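Coordinates from target12.pdb are shown below (PDB, C-alpha atoms, pLDDT in the B column).
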ATOM      1  CA  MET A   1      98.476  92.781  78.647  1.00 69.00           C
ATOM      2  CA  ARG A   2      97.623  90.471  81.545  1.00 83.00           C
ATOM      3  CA  ASN A   3      98.452  86.815  81.117  1.00 91.00           C
ATOM      4  CA  ARG A   4      95.351  85.297  82.675  1.00 95.00           C
ATOM      5  CA  GLY A   5      95.696  81.895  84.265  1.00 95.00           C
ATOM      6  CA  GLN A   6      93.390  78.924  84.632  1.00 96.00           C
ATOM      7  CA  VAL A   7      91.833  80.300  87.836  1.00 97.00           C
ATOM      8  CA  PHE A   8      90.544  83.348  85.967  1.00 96.00           C
ATOM      9  CA  TRP A   9      89.116  81.321  83.085  1.00 95.00           C
ATOM     10  CA  GLU A  10      87.369  78.940  85.492  1.00 95.00           C
ATOM     11  CA  TRP A  11      85.922  81.939  87.365  1.00 93.00           C
ATOM     12  CA  ALA A  12      84.871  83.964  84.305  1.00 94.00           C
ATOM     13  CA  ASP A  13      81.202  83.977  83.316  1.00 95.00           C
ATOM     14  CA  PRO A  14      80.290  86.606  80.710  1.00 93.00           C
ATOM     15  CA  ASP A  15      76.590  86.303  81.566  1.00 95.00           C
ATOM     16  CA  LEU A  16      77.035  87.660  85.103  1.00 96.00           C
ATOM     17  CA  HIS A  17      77.432  91.352  85.903  1.00 95.00           C
ATOM     18  CA  PHE A  18      80.534  92.108  87.971  1.00 96.00           C
ATOM     19  CA  ARG A  19      82.330  95.038  89.544  1.00 97.00           C
ATOM     20  CA  ASN A  20      85.968  95.532  88.644  1.00 97.00           C
ATOM     21  CA  PHE A  21      88.768  97.296  90.519  1.00 98.00           C
ATOM     22  CA  ASP A  22      92.359  97.791  89.304  1.00 97.00           C
ATOM     23  CA  GLU A  23      95.239  99.287  91.254  1.00 97.00           C
ATOM     24  CA  ARG A  24      98.679  99.888  89.755  1.00 96.00           C
ATOM     25  CA  MET A  25     101.457  99.607  92.344  1.00 94.00           C
ATOM     26  CA  ALA A  26     104.643 101.735  92.458  1.00 92.00           C
ATOM     27  CA  ASP A  27     106.682  98.861  90.971  1.00 90.00           C
ATOM     28  CA  GLY A  28     104.247  98.622  88.059  1.00 92.00           C
ATOM     29  CA  SER A  29     102.498  95.451  89.209  1.00 93.00           C
ATOM     30  CA  LEU A  30      98.715  95.380  88.871  1.00 96.00           C
ATOM     31  CA  ILE A  31      96.054  94.236  91.294  1.00 97.00           C
ATOM     32  CA  ASN A  32      92.808  93.203  89.600  1.00 98.00           C
ATOM     33  CA  ILE A  33      89.738  92.427  91.707  1.00 98.00           C
ATOM     34  CA  GLN A  34      86.372  91.369  90.330  1.00 98.00           C
ATOM     35  CA  VAL A  35      83.320  90.660  92.433  1.00 98.00           C
ATOM     36  CA  ARG A  36      79.842  89.479  91.477  1.00 98.00           C
ATOM     37  CA  VAL A  37      76.692  87.808  92.763  1.00 97.00           C
ATOM     38  CA  SER A  38      76.106  84.324  91.333  1.00 96.00           C
ATOM     39  CA  ARG A  39      72.843  82.912  90.072  1.00 95.00           C
ATOM     40  CA  GLU A  40      72.569  81.233  93.504  1.00 95.00           C
ATOM     41  CA  HIS A  41      72.916  84.682  95.180  1.00 96.00           C
ATOM     42  CA  LEU A  42      76.437  84.012  96.518  1.00 97.00           C
ATOM     43  CA  THR A  43      79.028  86.775  96.535  1.00 98.00           C
ATOM     44  CA  GLN A  44      81.945  85.574  94.428  1.00 98.00           C
ATOM     45  CA  LEU A  45      85.391  87.087  94.077  1.00 98.00           C
ATOM     46  CA  PHE A  46      88.381  86.950  91.758  1.00 98.00           C
ATOM     47  CA  LEU A  47      91.775  88.361  92.781  1.00 98.00           C
ATOM     48  CA  GLY A  48      94.673  88.611  90.352  1.00 97.00           C
ATOM     49  CA  ILE A  49      98.113  90.142  90.739  1.00 97.00           C
ATOM     50  CA  TYR A  50     100.256  90.650  87.643  1.00 96.00           C
ATOM     51  CA  ALA A  51     103.795  91.949  87.118  1.00 94.00           C
ATOM     52  CA  LEU A  52     104.527  95.053  85.035  1.00 93.00           C
ATOM     53  CA  ASP A  53     105.104  92.838  81.967  1.00 94.00           C
ATOM     54  CA  GLY A  54     101.740  91.092  82.518  1.00 94.00           C
ATOM     55  CA  LYS A  55     103.202  87.929  84.047  1.00 95.00           C
ATOM     56  CA  LEU A  56     100.817  86.131  86.393  1.00 95.00           C
ATOM     57  CA  LEU A  57     101.967  86.397  90.016  1.00 95.00           C
ATOM     58  CA  LEU A  58      98.830  85.280  91.879  1.00 96.00           C
ATOM     59  CA  GLU A  59      95.245  84.386  91.041  1.00 97.00           C
ATOM     60  CA  GLU A  60      92.545  83.307  93.470  1.00 97.00           C
ATOM     61  CA  GLY A  61      88.890  82.542  92.893  1.00 97.00           C
ATOM     62  CA  HIS A  62      86.484  82.516  95.831  1.00 97.00           C
ATOM     63  CA  MET A  63      83.122  81.072  94.884  1.00 96.00           C
ATOM     64  CA  ASP A  64      81.378  81.817  98.195  1.00 96.00           C
ATOM     65  CA  CYS A  65      82.396  84.810 100.275  1.00 96.00           C
ATOM     66  CA  LYS A  66      80.199  83.595 103.158  1.00 94.00           C
ATOM     67  CA  GLY A  67      77.544  86.274 103.425  1.00 91.00           C
ATOM     68  CA  GLN A  68      79.785  89.232 102.572  1.00 96.00           C
ATOM     69  CA  THR A  69      78.470  92.046 100.445  1.00 97.00           C
ATOM     70  CA  MET A  70      80.251  92.798  97.197  1.00 97.00           C
ATOM     71  CA  THR A  71      81.847  95.854  98.817  1.00 97.00           C
ATOM     72  CA  ALA A  72      83.079  93.902 101.856  1.00 97.00           C
ATOM     73  CA  ALA A  73      84.489  91.141  99.648  1.00 98.00           C
ATOM     74  CA  MET A  74      86.310  93.675  97.469  1.00 97.00           C
ATOM     75  CA  THR A  75      87.762  95.404 100.546  1.00 97.00           C
ATOM     76  CA  TRP A  76      88.968  92.047 101.915  1.00 97.00           C
ATOM     77  CA  ALA A  77      90.561  91.180  98.562  1.00 98.00           C
ATOM     78  CA  LEU A  78      92.411  94.494  98.356  1.00 97.00           C
ATOM     79  CA  LYS A  79      93.846  93.982 101.855  1.00 97.00           C
ATOM     80  CA  ARG A  80      94.795  90.411 100.887  1.00 97.00           C
ATOM     81  CA  ALA A  81      96.534  91.635  97.721  1.00 97.00           C
ATOM     82  CA  HIS A  82      98.539  94.297  99.558  1.00 96.00           C
ATOM     83  CA  SER A  83      99.533  91.752 102.200  1.00 95.00           C
ATOM     84  CA  TRP A  84     100.624  89.247  99.533  1.00 94.00           C
ATOM     85  CA  ILE A  85     102.677  91.867  97.686  1.00 91.00           C
ATOM     86  CA  GLU A  86     104.380  92.951 100.905  1.00 88.00           C
ATOM     87  CA  SER A  87     105.217  89.375 101.932  1.00 85.00           C
ATOM     88  CA  ASP A  88     106.480  88.621  98.398  1.00 74.00           C
ATOM     89  CA  LYS A  89     108.811  91.646  98.591  1.00 67.00           C
ATOM     90  CA  LEU A  90     110.168  90.465 101.947  1.00 62.00           C
ATOM     91  CA  ALA A  91     110.686  86.922 100.643  1.00 71.00           C
ATOM     92  CA  ASN A  92     112.635  88.195  97.627  1.00 69.00           C
ATOM     93  CA  ARG A  93     115.087  90.430  99.526  1.00 52.00           C
TER      94      ARG A  93
END
As structure tokens - that is how I would like this structure written.
Amino acid sequence: MRNRGQVFWEWADPDLHFRNFDERMADGSLINIQVRVSREHLTQLFLGIYALDGKLLLEEGHMDCKGQTMTAAMTWALKRAHSWIESDKLANR
């Protein structure tokens, strides 16, 4: 079970359709990316990273992905997540 933080709850809007992507890492941590188009036609993105036990490690909400498509925003977020995980591993050595 993911322990969602305030960023997720501020980003969440059950009335908007979104695309979801999850990736489970070798250490059991989970990357969760959600992307949508707002009522104002802005691409919006949520990125969450959670430990194996569901503990919140990182959450980011981006309310305007500056002209990116949903696919481009999701690709950017996945690269960002992998980069964050790698830098977190190096910092905790």
Contact residues around Gly28 of chain A with all atoms listed in the file at 9 Å, ignoring same-chain residues under 5 positions, as a short mmCIF file (atom, residue, chain, number, x, y, z; two decimals) with C-alpha atoms, keeping the file's coordinate frame:
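Saved to result24.cif:
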data_model
loop_
_atom_site.label_atom_id
_atom_site.label_comp_id
_atom_site.auth_asym_id
_atom_site.auth_seq_id
_atom_site.Cartn_x
_atom_site.Cartn_y
_atom_site.Cartn_z
CA TYR A 50 100.26 90.65 87.64
CA ALA A 51 103.80 91.95 87.12
CA LEU A 52 104.53 95.05 85.04
CA ASP A 53 105.10 92.84 81.97
#
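Picked out by the PyMOL selection byres ((chain A and resi 74) around 10) when it runs on this file: A:Arg19, A:Asn20, A:Phe21, A:Ile33, A:Gln34, A:Val35, A:Arg36, A:Gln44, A:Leu45, A:Phe46, A:Leu47, A:Gln68, A:Thr69, A:Met70, A:Thr71, A:Ala72, A:Ala73, A:Thr75, A:Trp76, A:Ala77, A:Leu78, A:Lys79, A:Arg80.
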Could you save the residues just selected, with C-alpha atoms, as a PDB file, in the frame of the given file?
ATOM      1  CA  ARG A  19      82.330  95.038  89.544  1.00 97.00           C
ATOM      2  CA  ASN A  20      85.968  95.532  88.644  1.00 97.00           C
ATOM      3  CA  PHE A  21      88.768  97.296  90.519  1.00 98.00           C
ATOM      4  CA  ILE A  33      89.738  92.427  91.707  1.00 98.00           C
ATOM      5  CA  GLN A  34      86.372  91.369  90.330  1.00 98.00           C
ATOM      6  CA  VAL A  35      83.320  90.660  92.433  1.00 98.00           C
ATOM      7  CA  ARG A  36      79.842  89.479  91.477  1.00 98.00           C
ATOM      8  CA  GLN A  44      81.945  85.574  94.428  1.00 98.00           C
ATOM      9  CA  LEU A  45      85.391  87.087  94.077  1.00 98.00           C
ATOM     10  CA  PHE A  46      88.381  86.950  91.758  1.00 98.00           C
ATOM     11  CA  LEU A  47      91.775  88.361  92.781  1.00 98.00           C
ATOM     12  CA  GLN A  68      79.785  89.232 102.572  1.00 96.00           C
ATOM     13  CA  THR A  69      78.470  92.046 100.445  1.00 97.00           C
ATOM     14  CA  MET A  70      80.251  92.798  97.197  1.00 97.00           C
ATOM     15  CA  THR A  71      81.847  95.854  98.817  1.00 97.00           C
ATOM     16  CA  ALA A  72      83.079  93.902 101.856  1.00 97.00           C
ATOM     17  CA  ALA A  73      84.489  91.141  99.648  1.00 98.00           C
ATOM     18  CA  THR A  75      87.762  95.404 100.546  1.00 97.00           C
ATOM     19  CA  TRP A  76      88.968  92.047 101.915  1.00 97.00           C
ATOM     20  CA  ALA A  77      90.561  91.180  98.562  1.00 98.00           C
ATOM     21  CA  LEU A  78      92.411  94.494  98.356  1.00 97.00           C
ATOM     22  CA  LYS A  79      93.846  93.982 101.855  1.00 97.00           C
ATOM     23  CA  ARG A  80      94.795  90.411 100.887  1.00 97.00           C
TER      24      ARG A  80
END
Pick the closest to Glu59 of chain A from A:Glu10, A:Glu86, A:Asp15, A:Asp27: which is it, counting all atoms listed in the file?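 Closest candidate: A:Glu10.
Distances here use all atoms listed in the file; by that measure, the residue among A:Ala26, A:Arg2, A:His17, A:Ser83 closest to Leu57 of chain A is A:Arg2.
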Distance of atom CA of Leu58 of chain A from atom CA of Asn3 of chain A, expressed in Å to one decimal place: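 Calculated distance between atom CA of Asn3 of chain A and atom CA of Leu58 of chain A is 10.9 Å.
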Using the file's own x, y and z axes, what box holds all listed atoms of segment 4-23 of chain A with 8 Å on each side, keeping edges along x, y and z, and what are its centre and edge lengths in Å to one decimal, as lines of an AutoDock Vina configuration file?
center_x = 86.1
center_y = 89.1
center_z = 86.0
size_x = 35.1
size_y = 36.4
size_z = 26.5
N, CA, C and O atoms of segment 29-51 of chain A, written as a PDB file, in the first residue's frame:
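Resulting contents of decode-v3.pdb:
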ATOM      1  N   SER A  29      11.295  -0.830  -4.558  1.00  0.00           N
ATOM      2  CA  SER A  29      10.663   0.487  -4.576  1.00  0.00           C
ATOM      3  C   SER A  29       9.792   0.613  -5.828  1.00  0.00           C
ATOM      4  O   SER A  29       9.949  -0.121  -6.799  1.00  0.00           O
ATOM      5  N   LEU A  30       8.837   1.529  -5.763  1.00  0.00           N
ATOM      6  CA  LEU A  30       7.858   1.688  -6.838  1.00  0.00           C
ATOM      7  C   LEU A  30       7.865   3.111  -7.356  1.00  0.00           C
ATOM      8  O   LEU A  30       7.807   4.064  -6.584  1.00  0.00           O
ATOM      9  N   ILE A  31       7.940   3.227  -8.669  1.00  0.00           N
ATOM     10  CA  ILE A  31       7.763   4.511  -9.346  1.00  0.00           C
ATOM     11  C   ILE A  31       6.329   4.551  -9.848  1.00  0.00           C
ATOM     12  O   ILE A  31       5.863   3.615 -10.504  1.00  0.00           O
ATOM     13  N   ASN A  32       5.617   5.627  -9.523  1.00  0.00           N
ATOM     14  CA  ASN A  32       4.256   5.826 -10.011  1.00  0.00           C
ATOM     15  C   ASN A  32       4.201   7.169 -10.730  1.00  0.00           C
ATOM     16  O   ASN A  32       4.527   8.200 -10.149  1.00  0.00           O
ATOM     17  N   ILE A  33       3.799   7.135 -11.997  1.00  0.00           N
ATOM     18  CA  ILE A  33       3.679   8.347 -12.800  1.00  0.00           C
ATOM     19  C   ILE A  33       2.245   8.426 -13.312  1.00  0.00           C
ATOM     20  O   ILE A  33       1.705   7.442 -13.816  1.00  0.00           O
ATOM     21  N   GLN A  34       1.651   9.598 -13.165  1.00  0.00           N
ATOM     22  CA  GLN A  34       0.323   9.849 -13.708  1.00  0.00           C
ATOM     23  C   GLN A  34       0.380  11.146 -14.505  1.00  0.00           C
ATOM     24  O   GLN A  34       1.011  12.111 -14.077  1.00  0.00           O
ATOM     25  N   VAL A  35      -0.247  11.135 -15.651  1.00  0.00           N
ATOM     26  CA  VAL A  35      -0.241  12.305 -16.517  1.00  0.00           C
ATOM     27  C   VAL A  35      -1.660  12.522 -17.042  1.00  0.00           C
ATOM     28  O   VAL A  35      -2.412  11.562 -17.239  1.00  0.00           O
ATOM     29  N   ARG A  36      -2.020  13.774 -17.220  1.00  0.00           N
ATOM     30  CA  ARG A  36      -3.372  14.113 -17.669  1.00  0.00           C
ATOM     31  C   ARG A  36      -3.345  15.459 -18.396  1.00  0.00           C
ATOM     32  O   ARG A  36      -2.340  16.176 -18.366  1.00  0.00           O
ATOM     33  N   VAL A  37      -4.466  15.782 -19.020  1.00  0.00           N
ATOM     34  CA  VAL A  37      -4.669  17.107 -19.598  1.00  0.00           C
ATOM     35  C   VAL A  37      -5.750  17.789 -18.763  1.00  0.00           C
ATOM     36  O   VAL A  37      -6.833  17.237 -18.557  1.00  0.00           O
ATOM     37  N   SER A  38      -5.438  18.987 -18.278  1.00  0.00           N
ATOM     38  CA  SER A  38      -6.361  19.731 -17.411  1.00  0.00           C
ATOM     39  C   SER A  38      -7.517  20.319 -18.211  1.00  0.00           C
ATOM     40  O   SER A  38      -7.514  20.305 -19.446  1.00  0.00           O
ATOM     41  N   ARG A  39      -8.455  20.869 -17.497  1.00  0.00           N
ATOM     42  CA  ARG A  39      -9.587  21.546 -18.134  1.00  0.00           C
ATOM     43  C   ARG A  39      -9.123  22.727 -18.982  1.00  0.00           C
ATOM     44  O   ARG A  39      -9.775  23.138 -19.924  1.00  0.00           O
ATOM     45  N   GLU A  40      -7.952  23.285 -18.618  1.00  0.00           N
ATOM     46  CA  GLU A  40      -7.368  24.417 -19.359  1.00  0.00           C
ATOM     47  C   GLU A  40      -6.444  23.945 -20.484  1.00  0.00           C
ATOM     48  O   GLU A  40      -5.724  24.735 -21.069  1.00  0.00           O
ATOM     49  N   HIS A  41      -6.441  22.628 -20.750  1.00  0.00           N
ATOM     50  CA  HIS A  41      -5.660  22.001 -21.821  1.00  0.00           C
ATOM     51  C   HIS A  41      -4.153  22.043 -21.567  1.00  0.00           C
ATOM     52  O   HIS A  41      -3.356  22.127 -22.511  1.00  0.00           O
ATOM     53  N   LEU A  42      -3.758  21.992 -20.284  1.00  0.00           N
ATOM     54  CA  LEU A  42      -2.348  21.913 -19.908  1.00  0.00           C
ATOM     55  C   LEU A  42      -2.011  20.468 -19.569  1.00  0.00           C
ATOM     56  O   LEU A  42      -2.800  19.777 -18.913  1.00  0.00           O
ATOM     57  N   THR A  43      -0.858  20.004 -20.024  1.00  0.00           N
ATOM     58  CA  THR A  43      -0.394  18.681 -19.626  1.00  0.00           C
ATOM     59  C   THR A  43       0.102  18.776 -18.197  1.00  0.00           C
ATOM     60  O   THR A  43       0.928  19.635 -17.874  1.00  0.00           O
ATOM     61  N   GLN A  44      -0.419  17.907 -17.342  1.00  0.00           N
ATOM     62  CA  GLN A  44      -0.059  17.904 -15.928  1.00  0.00           C
ATOM     63  C   GLN A  44       0.470  16.531 -15.541  1.00  0.00           C
ATOM     64  O   GLN A  44       0.055  15.514 -16.090  1.00  0.00           O
ATOM     65  N   LEU A  45       1.382  16.524 -14.568  1.00  0.00           N
ATOM     66  CA  LEU A  45       2.114  15.311 -14.242  1.00  0.00           C
ATOM     67  C   LEU A  45       2.237  15.132 -12.736  1.00  0.00           C
ATOM     68  O   LEU A  45       2.444  16.103 -11.996  1.00  0.00           O
ATOM     69  N   PHE A  46       2.119  13.893 -12.298  1.00  0.00           N
ATOM     70  CA  PHE A  46       2.417  13.516 -10.922  1.00  0.00           C
ATOM     71  C   PHE A  46       3.486  12.432 -10.969  1.00  0.00           C
ATOM     72  O   PHE A  46       3.404  11.491 -11.760  1.00  0.00           O
ATOM     73  N   LEU A  47       4.494  12.564 -10.107  1.00  0.00           N
ATOM     74  CA  LEU A  47       5.557  11.565  -9.980  1.00  0.00           C
ATOM     75  C   LEU A  47       5.676  11.192  -8.518  1.00  0.00           C
ATOM     76  O   LEU A  47       5.835  12.070  -7.659  1.00  0.00           O
ATOM     77  N   GLY A  48       5.567   9.915  -8.221  1.00  0.00           N
ATOM     78  CA  GLY A  48       5.744   9.427  -6.857  1.00  0.00           C
ATOM     79  C   GLY A  48       6.712   8.260  -6.831  1.00  0.00           C
ATOM     80  O   GLY A  48       6.702   7.423  -7.737  1.00  0.00           O
ATOM     81  N   ILE A  49       7.549   8.236  -5.809  1.00  0.00           N
ATOM     82  CA  ILE A  49       8.456   7.109  -5.593  1.00  0.00           C
ATOM     83  C   ILE A  49       8.225   6.637  -4.162  1.00  0.00           C
ATOM     84  O   ILE A  49       8.226   7.443  -3.224  1.00  0.00           O
ATOM     85  N   TYR A  50       8.022   5.334  -4.006  1.00  0.00           N
ATOM     86  CA  TYR A  50       7.662   4.743  -2.728  1.00  0.00           C
ATOM     87  C   TYR A  50       8.562   3.536  -2.450  1.00  0.00           C
ATOM     88  O   TYR A  50       8.879   2.771  -3.360  1.00  0.00           O
ATOM     89  N   ALA A  51       8.929   3.369  -1.187  1.00  0.00           N
ATOM     90  CA  ALA A  51       9.755   2.234  -0.775  1.00  0.00           C
ATOM     91  C   ALA A  51       8.927   0.944  -0.833  1.00  0.00           C
ATOM     92  O   ALA A  51       7.696   0.981  -0.984  1.00  0.00           O
TER      93      ALA A  51
END
